[in-house]
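Here's query-v5.csv, which has CSV, C-alpha atoms and all ligand atoms:
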```csv
chain,number,residue,atom,x,y,z
A,596,MET,CA,-35.6,83.6,113.0
A,597,ALA,CA,-38.3,83.8,110.3
A,598,ALA,CA,-35.8,82.1,107.9
A,599,SER,CA,-35.1,79.2,110.2
A,600,ALA,CA,-38.9,78.8,110.9
A,601,SER,CA,-39.6,78.5,107.2
A,602,CYS,CA,-36.6,76.3,106.8
A,603,ILE,CA,-38.1,73.9,109.5
A,604,SER,CA,-41.5,73.9,107.8
A,605,LEU,CA,-39.9,73.1,104.5
A,606,VAL,CA,-38.1,70.2,106.1
A,607,VAL,CA,-41.4,69.0,107.6
A,608,LEU,CA,-43.2,69.3,104.3
A,609,VAL,CA,-40.5,67.4,102.5
A,610,ALA,CA,-40.5,64.7,105.2
A,611,LEU,CA,-44.3,64.4,105.0
A,612,ALA,CA,-44.2,64.1,101.2
A,613,THR,CA,-41.5,61.4,101.5
A,614,VAL,CA,-43.5,59.5,104.2
A,615,ALA,CA,-46.5,59.5,101.9
A,616,SER,CA,-44.7,58.0,98.9
A,617,ALA,CA,-42.4,55.8,101.1
A,618,GLN,CA,-45.6,53.9,102.1
A,619,LEU,CA,-45.9,52.9,98.4
A,620,SER,CA,-43.9,49.8,97.5
A,621,PRO,CA,-43.6,47.7,94.3
A,622,THR,CA,-44.1,44.5,96.3
A,623,PHE,CA,-47.4,45.8,98.0
A,624,TYR,CA,-49.6,43.0,96.5
A,625,ASP,CA,-47.0,40.2,96.4
A,626,THR,CA,-48.7,38.2,99.1
A,627,SER,CA,-52.2,39.7,99.1
A,628,CYS,CA,-52.8,39.4,95.3
A,629,PRO,CA,-49.8,37.9,93.5
A,630,ARG,CA,-51.6,37.7,90.2
A,631,ALA,CA,-52.7,41.4,90.2
A,632,LEU,CA,-49.9,42.7,87.9
A,633,ALA,CA,-50.2,39.9,85.4
A,634,THR,CA,-54.0,40.4,85.2
A,635,ILE,CA,-53.6,44.1,84.6
A,636,LYS,CA,-51.0,43.5,81.9
A,637,SER,CA,-53.1,41.0,80.0
A,638,GLY,CA,-56.1,43.2,80.2
A,639,VAL,CA,-54.1,46.2,78.8
A,640,MET,CA,-52.4,44.1,76.1
A,641,ALA,CA,-55.8,42.8,74.9
A,642,ALA,CA,-57.4,46.2,74.8
A,643,VAL,CA,-54.4,47.8,73.0
A,644,SER,CA,-54.2,45.0,70.4
A,645,SER,CA,-57.8,45.5,69.4
A,646,ASP,CA,-57.5,49.4,69.6
A,647,PRO,CA,-54.0,50.8,69.7
A,648,ARG,CA,-55.2,54.2,70.6
A,649,MET,CA,-56.5,52.7,73.9
A,650,GLY,CA,-52.8,52.7,75.2
A,651,ALA,CA,-52.8,56.5,74.8
A,652,SER,CA,-56.2,56.9,76.4
A,653,LEU,CA,-55.2,54.9,79.5
A,654,LEU,CA,-51.9,56.9,79.9
A,655,ARG,CA,-53.9,60.1,79.7
A,656,LEU,CA,-56.5,58.9,82.2
A,657,HIS,CA,-53.7,58.3,84.7
A,658,PHE,CA,-52.3,61.9,84.2
A,659,HIS,CA,-55.8,63.3,84.6
A,660,ASP,CA,-56.2,61.3,87.8
A,661,CYS,CA,-53.0,62.3,89.4
A,662,PHE,CA,-53.2,66.0,88.7
A,663,VAL,CA,-56.6,66.3,90.6
A,664,GLN,CA,-56.3,65.6,94.3
A,665,GLY,CA,-53.5,63.0,93.7
A,666,CYS,CA,-53.5,59.5,92.1
A,667,ASP,CA,-56.7,58.3,93.9
A,668,ALA,CA,-58.9,57.2,91.0
A,669,SER,CA,-61.1,60.2,91.5
A,670,VAL,CA,-61.3,60.6,87.7
A,671,LEU,CA,-62.9,57.1,87.4
A,672,LEU,CA,-66.0,58.1,89.5
A,673,SER,CA,-69.1,58.6,87.2
A,674,GLY,CA,-70.0,62.2,86.7
A,675,MET,CA,-68.1,64.9,88.7
A,676,GLU,CA,-64.5,65.2,87.4
A,677,GLN,CA,-65.6,63.5,84.2
A,678,ASN,CA,-67.8,66.6,83.4
A,679,ALA,CA,-64.9,69.0,83.7
A,680,LEU,CA,-63.8,70.8,80.5
A,681,PRO,CA,-60.5,68.9,79.9
A,682,ASN,CA,-62.3,65.6,80.4
A,683,ASN,CA,-65.8,65.8,79.0
A,684,GLY,CA,-66.2,64.2,75.6
A,685,SER,CA,-62.5,63.4,75.5
A,686,LEU,CA,-61.3,60.9,78.2
A,687,ARG,CA,-61.5,57.3,77.1
A,688,GLY,CA,-60.7,53.9,78.7
A,689,PHE,CA,-63.1,53.7,81.6
A,690,GLY,CA,-64.6,50.4,80.4
A,691,VAL,CA,-61.1,48.8,80.1
A,692,ILE,CA,-60.3,49.7,83.7
A,693,ASP,CA,-63.7,48.5,84.9
A,694,SER,CA,-63.3,45.2,83.2
A,695,ILE,CA,-59.8,44.7,84.6
A,696,LYS,CA,-61.2,45.6,88.1
A,697,THR,CA,-63.9,42.9,87.7
A,698,GLN,CA,-61.3,40.3,86.8
A,699,ILE,CA,-59.1,41.3,89.8
A,700,GLU,CA,-62.1,41.3,92.2
A,701,ALA,CA,-62.8,37.7,91.1
A,702,ILE,CA,-59.3,36.6,92.2
A,703,CYS,CA,-58.6,38.9,95.2
A,704,ALA,CA,-61.7,40.5,96.7
A,705,GLN,CA,-61.4,44.2,97.7
A,706,THR,CA,-57.7,44.2,97.8
A,707,VAL,CA,-56.3,46.1,94.8
A,708,SER,CA,-57.2,49.7,94.4
A,709,CYS,CA,-58.5,51.3,91.2
A,710,ALA,CA,-55.8,54.0,91.6
A,711,ASP,CA,-53.1,51.3,91.5
A,712,ILE,CA,-54.8,49.5,88.6
A,713,LEU,CA,-54.8,52.7,86.6
A,714,THR,CA,-51.2,53.5,87.5
A,715,VAL,CA,-50.0,50.0,86.3
A,716,ALA,CA,-52.2,50.2,83.2
A,717,ALA,CA,-50.6,53.4,82.2
A,718,ARG,CA,-47.1,51.8,82.5
A,719,ASP,CA,-48.3,48.7,80.6
A,720,SER,CA,-49.8,50.9,77.9
A,721,VAL,CA,-46.5,52.5,77.2
A,722,VAL,CA,-44.8,49.1,77.1
A,723,ALA,CA,-47.5,47.7,74.8
A,724,LEU,CA,-46.8,50.5,72.3
A,725,GLY,CA,-43.0,49.9,72.3
A,726,GLY,CA,-42.0,52.4,75.1
A,727,PRO,CA,-39.8,51.9,78.2
A,728,SER,CA,-40.8,50.0,81.3
A,729,TRP,CA,-40.4,50.9,84.9
A,730,THR,CA,-41.2,49.5,88.4
A,731,VAL,CA,-44.4,51.0,89.8
A,732,PRO,CA,-44.7,51.7,93.5
A,733,LEU,CA,-48.0,50.4,94.8
A,734,GLY,CA,-50.4,50.7,97.7
A,735,ARG,CA,-52.5,53.7,96.7
A,736,ARG,CA,-56.1,53.7,98.0
A,737,ASP,CA,-59.2,55.1,96.2
A,738,SER,CA,-60.9,58.4,97.0
A,739,ILE,CA,-64.4,58.6,98.3
A,740,ASP,CA,-64.9,61.8,96.3
A,741,ALA,CA,-63.9,63.8,93.2
A,742,ASN,CA,-63.4,67.4,92.5
A,743,GLU,CA,-64.7,68.9,89.2
A,744,ALA,CA,-63.6,72.4,90.0
A,745,ALA,CA,-60.0,71.2,90.7
A,746,ALA,CA,-60.0,69.3,87.4
A,747,ASN,CA,-60.9,72.6,85.6
A,748,SER,CA,-58.2,74.6,87.4
A,749,ASP,CA,-55.3,72.1,87.8
A,750,LEU,CA,-55.2,70.4,84.4
A,751,PRO,CA,-53.3,72.5,81.8
A,752,GLY,CA,-55.1,73.2,78.5
A,753,PRO,CA,-53.9,73.1,74.9
A,754,THR,CA,-53.6,76.9,74.7
A,755,SER,CA,-51.3,77.1,77.7
A,756,SER,CA,-48.1,79.1,77.4
A,757,ARG,CA,-44.8,77.6,78.4
A,758,SER,CA,-44.9,79.4,81.8
A,759,ASP,CA,-48.5,78.2,82.3
A,760,LEU,CA,-47.3,74.7,81.8
A,761,GLU,CA,-44.3,75.1,84.1
A,762,LEU,CA,-46.7,76.5,86.8
A,763,ALA,CA,-49.2,73.7,86.5
A,764,PHE,CA,-46.5,71.1,86.8
A,765,SER,CA,-44.6,72.8,89.6
A,766,ASN,CA,-47.9,73.1,91.5
A,767,LYS,CA,-47.8,69.3,91.6
A,768,GLY,CA,-44.1,69.1,92.6
A,769,LEU,CA,-42.9,68.4,89.1
A,770,LEU,CA,-39.9,70.1,87.5
A,771,THR,CA,-39.7,71.7,84.1
A,772,VAL,CA,-37.7,68.7,82.8
A,773,ASP,CA,-40.4,66.4,84.1
A,774,MET,CA,-43.0,68.5,82.2
A,775,VAL,CA,-41.0,68.3,79.0
A,776,ALA,CA,-40.5,64.6,79.4
A,777,LEU,CA,-44.2,63.9,80.3
A,778,SER,CA,-45.3,65.9,77.3
A,779,GLY,CA,-43.5,63.3,75.2
A,780,ALA,CA,-46.6,61.1,76.0
A,781,HIS,CA,-48.0,63.0,72.9
A,782,THR,CA,-45.9,60.6,70.9
A,783,ILE,CA,-49.1,58.5,70.9
A,784,GLY,CA,-52.8,59.2,70.6
A,785,GLN,CA,-55.1,61.7,69.0
A,786,ALA,CA,-56.6,65.2,69.6
A,787,GLN,CA,-59.8,66.7,68.4
A,788,CYS,CA,-59.8,69.5,65.9
A,789,GLY,CA,-61.3,72.0,68.4
A,790,THR,CA,-58.1,71.7,70.5
A,791,PHE,CA,-55.7,72.7,67.6
A,792,LYS,CA,-57.8,74.7,65.2
A,793,ASP,CA,-56.5,78.1,66.3
A,794,ARG,CA,-52.9,76.8,65.8
A,795,ILE,CA,-53.4,75.5,62.3
A,796,TYR,CA,-55.1,78.7,61.0
A,797,ASN,CA,-53.5,81.5,63.0
A,798,GLU,CA,-50.1,80.5,64.2
A,799,THR,CA,-46.8,81.2,62.4
A,800,ASN,CA,-44.5,78.7,64.1
A,801,ILE,CA,-46.0,75.8,62.3
A,802,ASP,CA,-44.7,73.9,59.2
A,803,THR,CA,-46.9,75.1,56.3
A,804,THR,CA,-47.3,71.7,54.7
A,805,PHE,CA,-48.3,70.2,58.1
A,806,ALA,CA,-50.8,72.9,58.7
A,807,THR,CA,-52.3,72.6,55.2
A,808,SER,CA,-52.7,68.8,55.6
A,809,LEU,CA,-54.5,69.2,59.0
A,810,ARG,CA,-56.9,71.8,57.6
A,811,ALA,CA,-58.4,69.3,55.2
A,812,ASN,CA,-60.0,67.5,58.2
A,813,CYS,CA,-60.4,70.4,60.5
A,814,PRO,CA,-62.3,73.2,58.9
A,815,ARG,CA,-62.3,76.8,60.1
A,816,SER,CA,-65.9,76.4,61.2
A,817,GLY,CA,-67.4,73.2,62.6
A,818,GLY,CA,-65.8,69.7,62.6
A,819,ASP,CA,-64.5,70.2,66.1
A,820,GLY,CA,-64.6,66.5,66.9
A,821,SER,CA,-62.5,65.4,64.0
A,822,LEU,CA,-59.3,63.6,65.1
A,823,ALA,CA,-55.7,64.1,64.2
A,824,ASN,CA,-52.6,62.2,65.4
A,825,LEU,CA,-50.6,64.0,68.1
A,826,ASP,CA,-47.4,62.5,66.5
A,827,THR,CA,-47.6,63.0,62.8
A,828,THR,CA,-44.8,60.5,62.1
A,829,THR,CA,-45.4,57.3,64.3
A,830,ALA,CA,-48.8,57.7,65.9
A,831,ASN,CA,-49.0,54.2,67.5
A,832,THR,CA,-45.4,53.9,68.6
A,833,PHE,CA,-44.1,55.2,71.9
A,834,ASP,CA,-40.8,56.7,70.7
A,835,ASN,CA,-39.1,60.1,70.8
A,836,ALA,CA,-40.5,61.4,67.5
A,837,TYR,CA,-42.6,63.9,69.3
A,838,TYR,CA,-39.4,65.9,69.9
A,839,THR,CA,-38.1,65.7,66.3
A,840,ASN,CA,-41.6,66.9,65.3
A,841,LEU,CA,-41.3,69.9,67.6
A,842,MET,CA,-37.9,70.8,66.1
A,843,SER,CA,-39.6,70.9,62.6
A,844,GLN,CA,-42.5,73.0,63.9
A,845,LYS,CA,-44.9,70.0,63.7
A,846,GLY,CA,-46.2,70.1,67.2
A,847,LEU,CA,-50.0,69.6,67.0
A,848,LEU,CA,-51.1,71.6,70.0
A,849,HIS,CA,-50.0,75.1,70.9
A,850,SER,CA,-49.0,73.7,74.3
A,851,ASP,CA,-46.6,71.2,72.4
A,852,GLN,CA,-44.9,73.8,70.2
A,853,VAL,CA,-44.2,76.2,73.1
A,854,LEU,CA,-41.7,73.7,74.3
A,855,PHE,CA,-39.5,74.4,71.3
A,856,ASN,CA,-40.0,78.1,70.4
A,857,ASN,CA,-36.7,79.8,71.0
A,858,ASP,CA,-37.1,79.5,74.7
A,859,THR,CA,-35.6,77.9,77.8
A,860,THR,CA,-36.8,74.4,77.1
A,861,ASP,CA,-35.4,74.2,73.6
A,862,ASN,CA,-32.2,72.4,74.7
A,863,THR,CA,-34.2,69.7,76.6
A,864,VAL,CA,-36.2,69.1,73.4
A,865,ARG,CA,-33.0,68.8,71.4
A,866,ASN,CA,-31.6,66.4,73.9
A,867,PHE,CA,-34.6,64.1,73.9
A,868,ALA,CA,-34.8,64.3,70.1
A,869,SER,CA,-31.2,63.2,69.6
A,870,ASN,CA,-30.9,60.8,72.5
A,871,PRO,CA,-33.8,58.3,72.9
A,872,ALA,CA,-32.2,56.8,76.1
A,873,ALA,CA,-32.2,60.3,77.7
A,874,PHE,CA,-35.9,60.6,76.9
A,875,SER,CA,-36.7,57.2,78.2
A,876,SER,CA,-34.9,57.8,81.4
A,877,ALA,CA,-36.4,61.2,82.0
A,878,PHE,CA,-39.9,59.9,81.1
A,879,THR,CA,-39.8,56.9,83.5
A,880,THR,CA,-38.5,59.1,86.3
A,881,ALA,CA,-41.2,61.6,85.7
A,882,MET,CA,-43.9,59.0,85.5
A,883,ILE,CA,-42.9,57.6,88.9
A,884,LYS,CA,-43.0,61.1,90.3
A,885,MET,CA,-46.4,61.8,88.8
A,886,GLY,CA,-47.7,58.5,90.1
A,887,ASN,CA,-46.6,59.4,93.6
A,888,ILE,CA,-48.6,62.7,93.8
A,889,ALA,CA,-50.5,62.7,97.0
A,890,PRO,CA,-51.4,59.1,97.3
A,891,LYS,CA,-54.0,58.0,99.8
A,892,THR,CA,-52.4,55.2,101.9
A,893,GLY,CA,-53.0,53.2,105.1
A,894,THR,CA,-56.6,53.8,106.3
A,895,GLN,CA,-57.3,56.8,104.1
A,896,GLY,CA,-60.0,56.4,101.4
A,897,GLN,CA,-61.1,52.9,100.5
A,898,ILE,CA,-60.6,50.0,98.1
A,899,ARG,CA,-63.5,50.4,95.8
A,900,LEU,CA,-65.5,47.4,94.6
A,901,SER,CA,-66.3,49.0,91.4
A,902,CYS,CA,-64.0,51.8,90.0
A,903,SER,CA,-66.9,54.0,88.8
A,904,ARG,CA,-68.6,54.4,92.2
A,905,VAL,CA,-67.7,54.6,95.9
A,906,ASN,CA,-68.7,51.7,98.1
A,907,SER,CA,-72.2,51.9,99.5
B,1001,LIG,C1,-48.3,69.5,79.2
B,1001,LIG,C2,-49.6,69.7,79.3
B,1001,LIG,C3,-50.6,68.9,78.6
B,1001,LIG,C4,-51.6,69.4,77.8
B,1001,LIG,C5,-52.0,70.9,77.7
B,1001,LIG,C6,-52.3,68.3,77.2
B,1001,LIG,C7,-53.4,68.5,76.4
B,1001,LIG,C8,-54.0,67.4,75.7
B,1001,LIG,C9,-55.1,67.6,74.8
B,1001,LIG,C10,-55.8,68.9,74.5
B,1001,LIG,C11,-55.3,66.4,74.2
B,1001,LIG,C12,-56.4,66.0,73.2
B,1001,LIG,C13,-57.7,65.7,73.9
B,1001,LIG,C14,-58.8,65.6,72.9
B,1001,LIG,O1,-58.8,66.3,71.9
B,1001,LIG,O2,-59.8,64.8,73.2
B,1001,LIG,C15,-54.4,65.4,74.8
B,1001,LIG,C16,-54.3,64.1,74.5
B,1001,LIG,C17,-53.4,63.2,75.1
B,1001,LIG,N1,-52.6,63.5,76.2
B,1001,LIG,FE1,-52.1,65.3,76.8
B,1001,LIG,N2,-51.7,67.2,77.6
B,1001,LIG,C18,-50.7,67.5,78.4
B,1001,LIG,C19,-49.8,66.6,79.1
B,1001,LIG,C20,-50.0,65.2,79.0
B,1001,LIG,C21,-49.3,64.3,79.9
B,1001,LIG,C22,-48.5,64.7,81.1
B,1001,LIG,C23,-49.7,63.1,79.5
B,1001,LIG,C24,-49.3,61.7,80.1
B,1001,LIG,C25,-48.2,61.5,80.7
B,1001,LIG,C26,-50.6,63.2,78.3
B,1001,LIG,C27,-51.1,62.2,77.6
B,1001,LIG,C28,-51.9,62.4,76.5
B,1001,LIG,C29,-52.3,61.3,75.6
B,1001,LIG,C30,-51.7,59.9,75.6
B,1001,LIG,C31,-53.2,61.9,74.7
B,1001,LIG,C32,-54.0,61.1,73.6
B,1001,LIG,C33,-55.2,60.5,74.3
B,1001,LIG,C34,-56.1,59.6,73.3
B,1001,LIG,O3,-55.8,59.5,72.1
B,1001,LIG,O4,-57.1,59.1,73.8
B,1001,LIG,N3,-50.7,64.6,78.1
B,1001,LIG,N4,-53.6,66.1,75.7
```

Can I see the file as C-alpha cells?
Amino acid sequence: MAASASCISLVVLVALATVASAQLSPTFYDTSCPRALATIKSGVMAAVSSDPRMGASLLRLHFHDCFVQGCDASVLLSGMEQNALPNNGSLRGFGVIDSIKTQIEAICAQTVSCADILTVAARDSVVALGGPSWTVPLGRRDSIDANEAAANSDLPGPTSSRSDLELAFSNKGLLTVDMVALSGAHTIGQAQCGTFKDRIYNETNIDTTFATSLRANCPRSGGDGSLANLDTTTANTFDNAYYTNLMSQKGLLHSDQVLFNNDTTDNTVRNFASNPAAFSSAFTTAMIKMGNIAPKTGTQGQIRLSCSRVNS
C-alpha cells in the first residue's frame, strides 16, 4: 500500500516536471519576436570578441541562475543573490545581458524574458568560443524575487568533495554524468587565487610543475583576487582539454580534480578526454536539462522590462 502510494506520487512528480518543461518550446518567440535569437547572438558575439572571457562569465551566470529557484533570472536582480558567497565579487556579465535586453525591448516590448535571454546567451557563448551548439527550449518567465540563502546553500563550492557535487546536482534533478559533463564548462574562463590556494599549496594530487607555476601569481598570503585560467592549455577555446588536464592532475580547483581521483567518475573523465563527440553530446544534453530546471511559465512571474529589477 505504502509502496504503491509513493509510486503514484513519484508518477505525479515526474508528470509535473514534464509538464513544466513541456511548456517550453524552441519556437516560442517565432511569431511574437522573430528577431530575438539573432539579437541575442549578435550581442554575445560582440561582447565575446572584445573580451573572450565574457563567454565564460555568461555561461557561469546561467548556471548560477538555474541552481537557485530555477532558471528565472533571479541572479540578475540587483543585490540579493548577487551578495551570496559564490557570487559576490565573482559573477560577471550583467551589463552584457542588460544591453541585449535593451535592444530586444526596442524591437519587441515586454515579450522576451531575461531568463530566456540568459539561457540563449549561455548557448551562444559556448558557440562563440568554438564549442557545440544546441536548440534551446524557450518560454521561461522572470521571477519577482531572489533568494540569497538558497544561493549560499544550493551552489556547490570549490572545496566540494565528489559526493558533495553529486548531491548538489542530484538535488536539481541532474545525474552524475551531467555533473561531470557540465564541469567541462571549466574549459573556459578564470578563477581567483582564493578559490584554489589551498589546492596548490597543500594537496598532493596536483602536477608539481603546474602547482609551482600557479604559486608565482597566488602567494600563500594575500593576492586572493589574482586570476588563473581554469583550463591551463586552451583557456579561450571550448574543447575537451579540461578532461585531459584532469588526467594529468592539472585540475585548477579541488572540485575539478575530485572528478579524476581514483574514484567512480574516472571512467567518464577518460571517455570525455578521448572522445570529443561524447563530451559534446553529454554537455549539450546536460545544458538543456539544466536550462529546464523549474522554469516559470504561463502566468507565473513576469516579463521584466529591465533585467536588474522587477517591474514597478
Ligand atoms: C561542479 C561544481 C562547480 C563548482 C564547485 C564551480 C566553482 C567555480 C569557481 C570557484 C569558479 C571561479 C570563480 C571565481 O574565482 O571568481 C568558477 C568559474 C567558472 N565556472 Fe564553475 N563551478 C562548478 C560548475 C560549473 C558549471 C556547471 C558551469 C556551467 C555550466 C560552470 C561554469 C564556470 C565558468 C565558465 C567559470 C569561469 C567564469 C569566468 O571566467 O568569469 N561551473 N566555477

- request: Excluding stretch 646-651 of chain A and residues on its chain fewer than 2 positions from it, collect all residues at most 9 Å away from it, counting all atoms listed in the file, and give them as a ChimeraX atom specification.
  value: /A:639-644,653-656,687-688,691,716-717,719-724,780-785,830-831

- prompt: Pick the closest to ligand LIG 1001 (chain B) from A:Asn866, A:Thr832, A:Ser843, A:Ser627: which is it, counting all atoms listed in the file?
  reply: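 For ligand LIG 1001 (chain B), the nearest of the candidates is A:Thr832.
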
field: Atom-to-atom span, atom CA of A:Pro732 and atom CA of A:Pro753, Å
entry: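 Separation of atom CA of A:Pro732 and atom CA of A:Pro753: 29.8 Å.
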
- request: For atom CA of A:Arg865 and atom CA of A:Leu825, quote the distance in Å rounded to one decimal.
  value: 18.5 Å

- request: Work out how far atom CA of A:Thr880 is from atom CA of A:Ser738, in Å to one decimal.
  value: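 Atom CA of A:Thr880 lies at a distance of 24.8 Å from atom CA of A:Ser738.
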
Selection near stretch 792-805 of chain A, 6 Å with all atoms listed in the file, sequence-local residues under 4 positions removed, as a ChimeraX atom specification: /A:788,844-845

message: Counting all atoms listed in the file, which residue out of A:Phe833, A:Thr839, A:Ile635, A:Asn856 sits closest to A:Ser694?
response: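 Residue with the minimum atom-to-atom distance to A:Ser694: A:Ile635.
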
message: Counting only C-alpha atoms, which residue out of A:Lys884, A:Arg899, A:Arg757, A:His849 sits closest to A:Ala668?
response: A:Arg899

Would you mind completing stretch 668-677 of chain A to all heavy atoms and writing the output as a PDB file, keeping the file's coordinate frame?
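In the end it all went to part.pdb:
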```
ATOM      1  N   ALA A 668     -57.813  57.667  91.809  1.00  0.00           N
ATOM      2  CA  ALA A 668     -58.900  57.200  91.000  1.00  0.00           C
ATOM      3  C   ALA A 668     -60.157  58.049  91.022  1.00  0.00           C
ATOM      4  O   ALA A 668     -61.240  57.619  90.633  1.00  0.00           O
ATOM      5  CB  ALA A 668     -59.273  55.715  91.354  1.00  0.00           C
ATOM      6  N   SER A 669     -59.983  59.305  91.458  1.00  0.00           N
ATOM      7  CA  SER A 669     -61.100  60.200  91.500  1.00  0.00           C
ATOM      8  C   SER A 669     -61.733  60.407  90.096  1.00  0.00           C
ATOM      9  O   SER A 669     -62.943  60.559  89.936  1.00  0.00           O
ATOM     10  CB  SER A 669     -60.778  61.565  92.119  1.00  0.00           C
ATOM     11  OG  SER A 669     -59.675  62.139  91.452  1.00  0.00           O
ATOM     12  N   VAL A 670     -60.868  60.360  89.083  1.00  0.00           N
ATOM     13  CA  VAL A 670     -61.300  60.600  87.700  1.00  0.00           C
ATOM     14  C   VAL A 670     -62.247  59.440  87.226  1.00  0.00           C
ATOM     15  O   VAL A 670     -63.017  59.612  86.275  1.00  0.00           O
ATOM     16  CB  VAL A 670     -60.132  60.767  86.746  1.00  0.00           C
ATOM     17  CG1 VAL A 670     -59.414  59.437  86.484  1.00  0.00           C
ATOM     18  CG2 VAL A 670     -60.556  61.409  85.439  1.00  0.00           C
ATOM     19  N   LEU A 671     -62.163  58.293  87.883  1.00  0.00           N
ATOM     20  CA  LEU A 671     -62.900  57.100  87.400  1.00  0.00           C
ATOM     21  C   LEU A 671     -64.386  57.167  87.944  1.00  0.00           C
ATOM     22  O   LEU A 671     -65.231  56.403  87.458  1.00  0.00           O
ATOM     23  CB  LEU A 671     -62.280  55.827  87.857  1.00  0.00           C
ATOM     24  CG  LEU A 671     -60.846  55.594  87.355  1.00  0.00           C
ATOM     25  CD1 LEU A 671     -60.310  54.257  87.869  1.00  0.00           C
ATOM     26  CD2 LEU A 671     -60.800  55.623  85.821  1.00  0.00           C
ATOM     27  N   LEU A 672     -64.668  58.004  88.937  1.00  0.00           N
ATOM     28  CA  LEU A 672     -66.000  58.100  89.500  1.00  0.00           C
ATOM     29  C   LEU A 672     -66.976  58.695  88.467  1.00  0.00           C
ATOM     30  O   LEU A 672     -66.671  59.771  87.922  1.00  0.00           O
ATOM     31  CB  LEU A 672     -66.049  58.855  90.790  1.00  0.00           C
ATOM     32  CG  LEU A 672     -65.315  58.204  91.976  1.00  0.00           C
ATOM     33  CD1 LEU A 672     -65.253  59.167  93.169  1.00  0.00           C
ATOM     34  CD2 LEU A 672     -65.992  56.891  92.375  1.00  0.00           C
ATOM     35  N   SER A 673     -68.103  58.061  88.225  1.00  0.00           N
ATOM     36  CA  SER A 673     -69.100  58.600  87.200  1.00  0.00           C
ATOM     37  C   SER A 673     -69.454  60.015  87.544  1.00  0.00           C
ATOM     38  O   SER A 673     -69.655  60.357  88.712  1.00  0.00           O
ATOM     39  CB  SER A 673     -70.337  57.740  87.242  1.00  0.00           C
ATOM     40  OG  SER A 673     -70.027  56.441  86.889  1.00  0.00           O
ATOM     41  N   GLY A 674     -69.580  60.827  86.498  1.00  0.00           N
ATOM     42  CA  GLY A 674     -70.000  62.200  86.700  1.00  0.00           C
ATOM     43  C   GLY A 674     -68.796  63.029  87.211  1.00  0.00           C
ATOM     44  O   GLY A 674     -67.640  62.746  86.904  1.00  0.00           O
ATOM     45  N   MET A 675     -69.068  64.021  88.009  1.00  0.00           N
ATOM     46  CA  MET A 675     -68.100  64.900  88.700  1.00  0.00           C
ATOM     47  C   MET A 675     -66.910  65.288  87.807  1.00  0.00           C
ATOM     48  O   MET A 675     -67.096  65.978  86.837  1.00  0.00           O
ATOM     49  CB  MET A 675     -67.632  64.144  89.969  1.00  0.00           C
ATOM     50  CG  MET A 675     -68.839  63.839  90.871  1.00  0.00           C
ATOM     51  SD  MET A 675     -68.426  63.260  92.500  1.00  0.00           S
ATOM     52  CE  MET A 675     -68.408  61.507  92.236  1.00  0.00           C
ATOM     53  N   GLU A 676     -65.673  64.823  88.145  1.00  0.00           N
ATOM     54  CA  GLU A 676     -64.500  65.200  87.400  1.00  0.00           C
ATOM     55  C   GLU A 676     -64.654  64.945  85.869  1.00  0.00           C
ATOM     56  O   GLU A 676     -64.103  65.636  85.018  1.00  0.00           O
ATOM     57  CB  GLU A 676     -63.234  64.545  87.871  1.00  0.00           C
ATOM     58  CG  GLU A 676     -62.656  65.191  89.083  1.00  0.00           C
ATOM     59  CD  GLU A 676     -61.521  64.389  89.701  1.00  0.00           C
ATOM     60  OE1 GLU A 676     -60.755  63.717  88.995  1.00  0.00           O
ATOM     61  OE2 GLU A 676     -61.396  64.451  90.940  1.00  0.00           O
ATOM     62  N   GLN A 677     -65.406  63.912  85.574  1.00  0.00           N
ATOM     63  CA  GLN A 677     -65.600  63.500  84.200  1.00  0.00           C
ATOM     64  C   GLN A 677     -66.306  64.608  83.375  1.00  0.00           C
ATOM     65  O   GLN A 677     -66.205  64.661  82.154  1.00  0.00           O
ATOM     66  CB  GLN A 677     -66.308  62.185  84.070  1.00  0.00           C
ATOM     67  CG  GLN A 677     -65.509  61.047  84.690  1.00  0.00           C
ATOM     68  CD  GLN A 677     -66.250  59.715  84.686  1.00  0.00           C
ATOM     69  OE1 GLN A 677     -67.375  59.631  84.215  1.00  0.00           O
ATOM     70  NE2 GLN A 677     -65.616  58.691  85.228  1.00  0.00           N
TER      71      GLN A 677
END
```
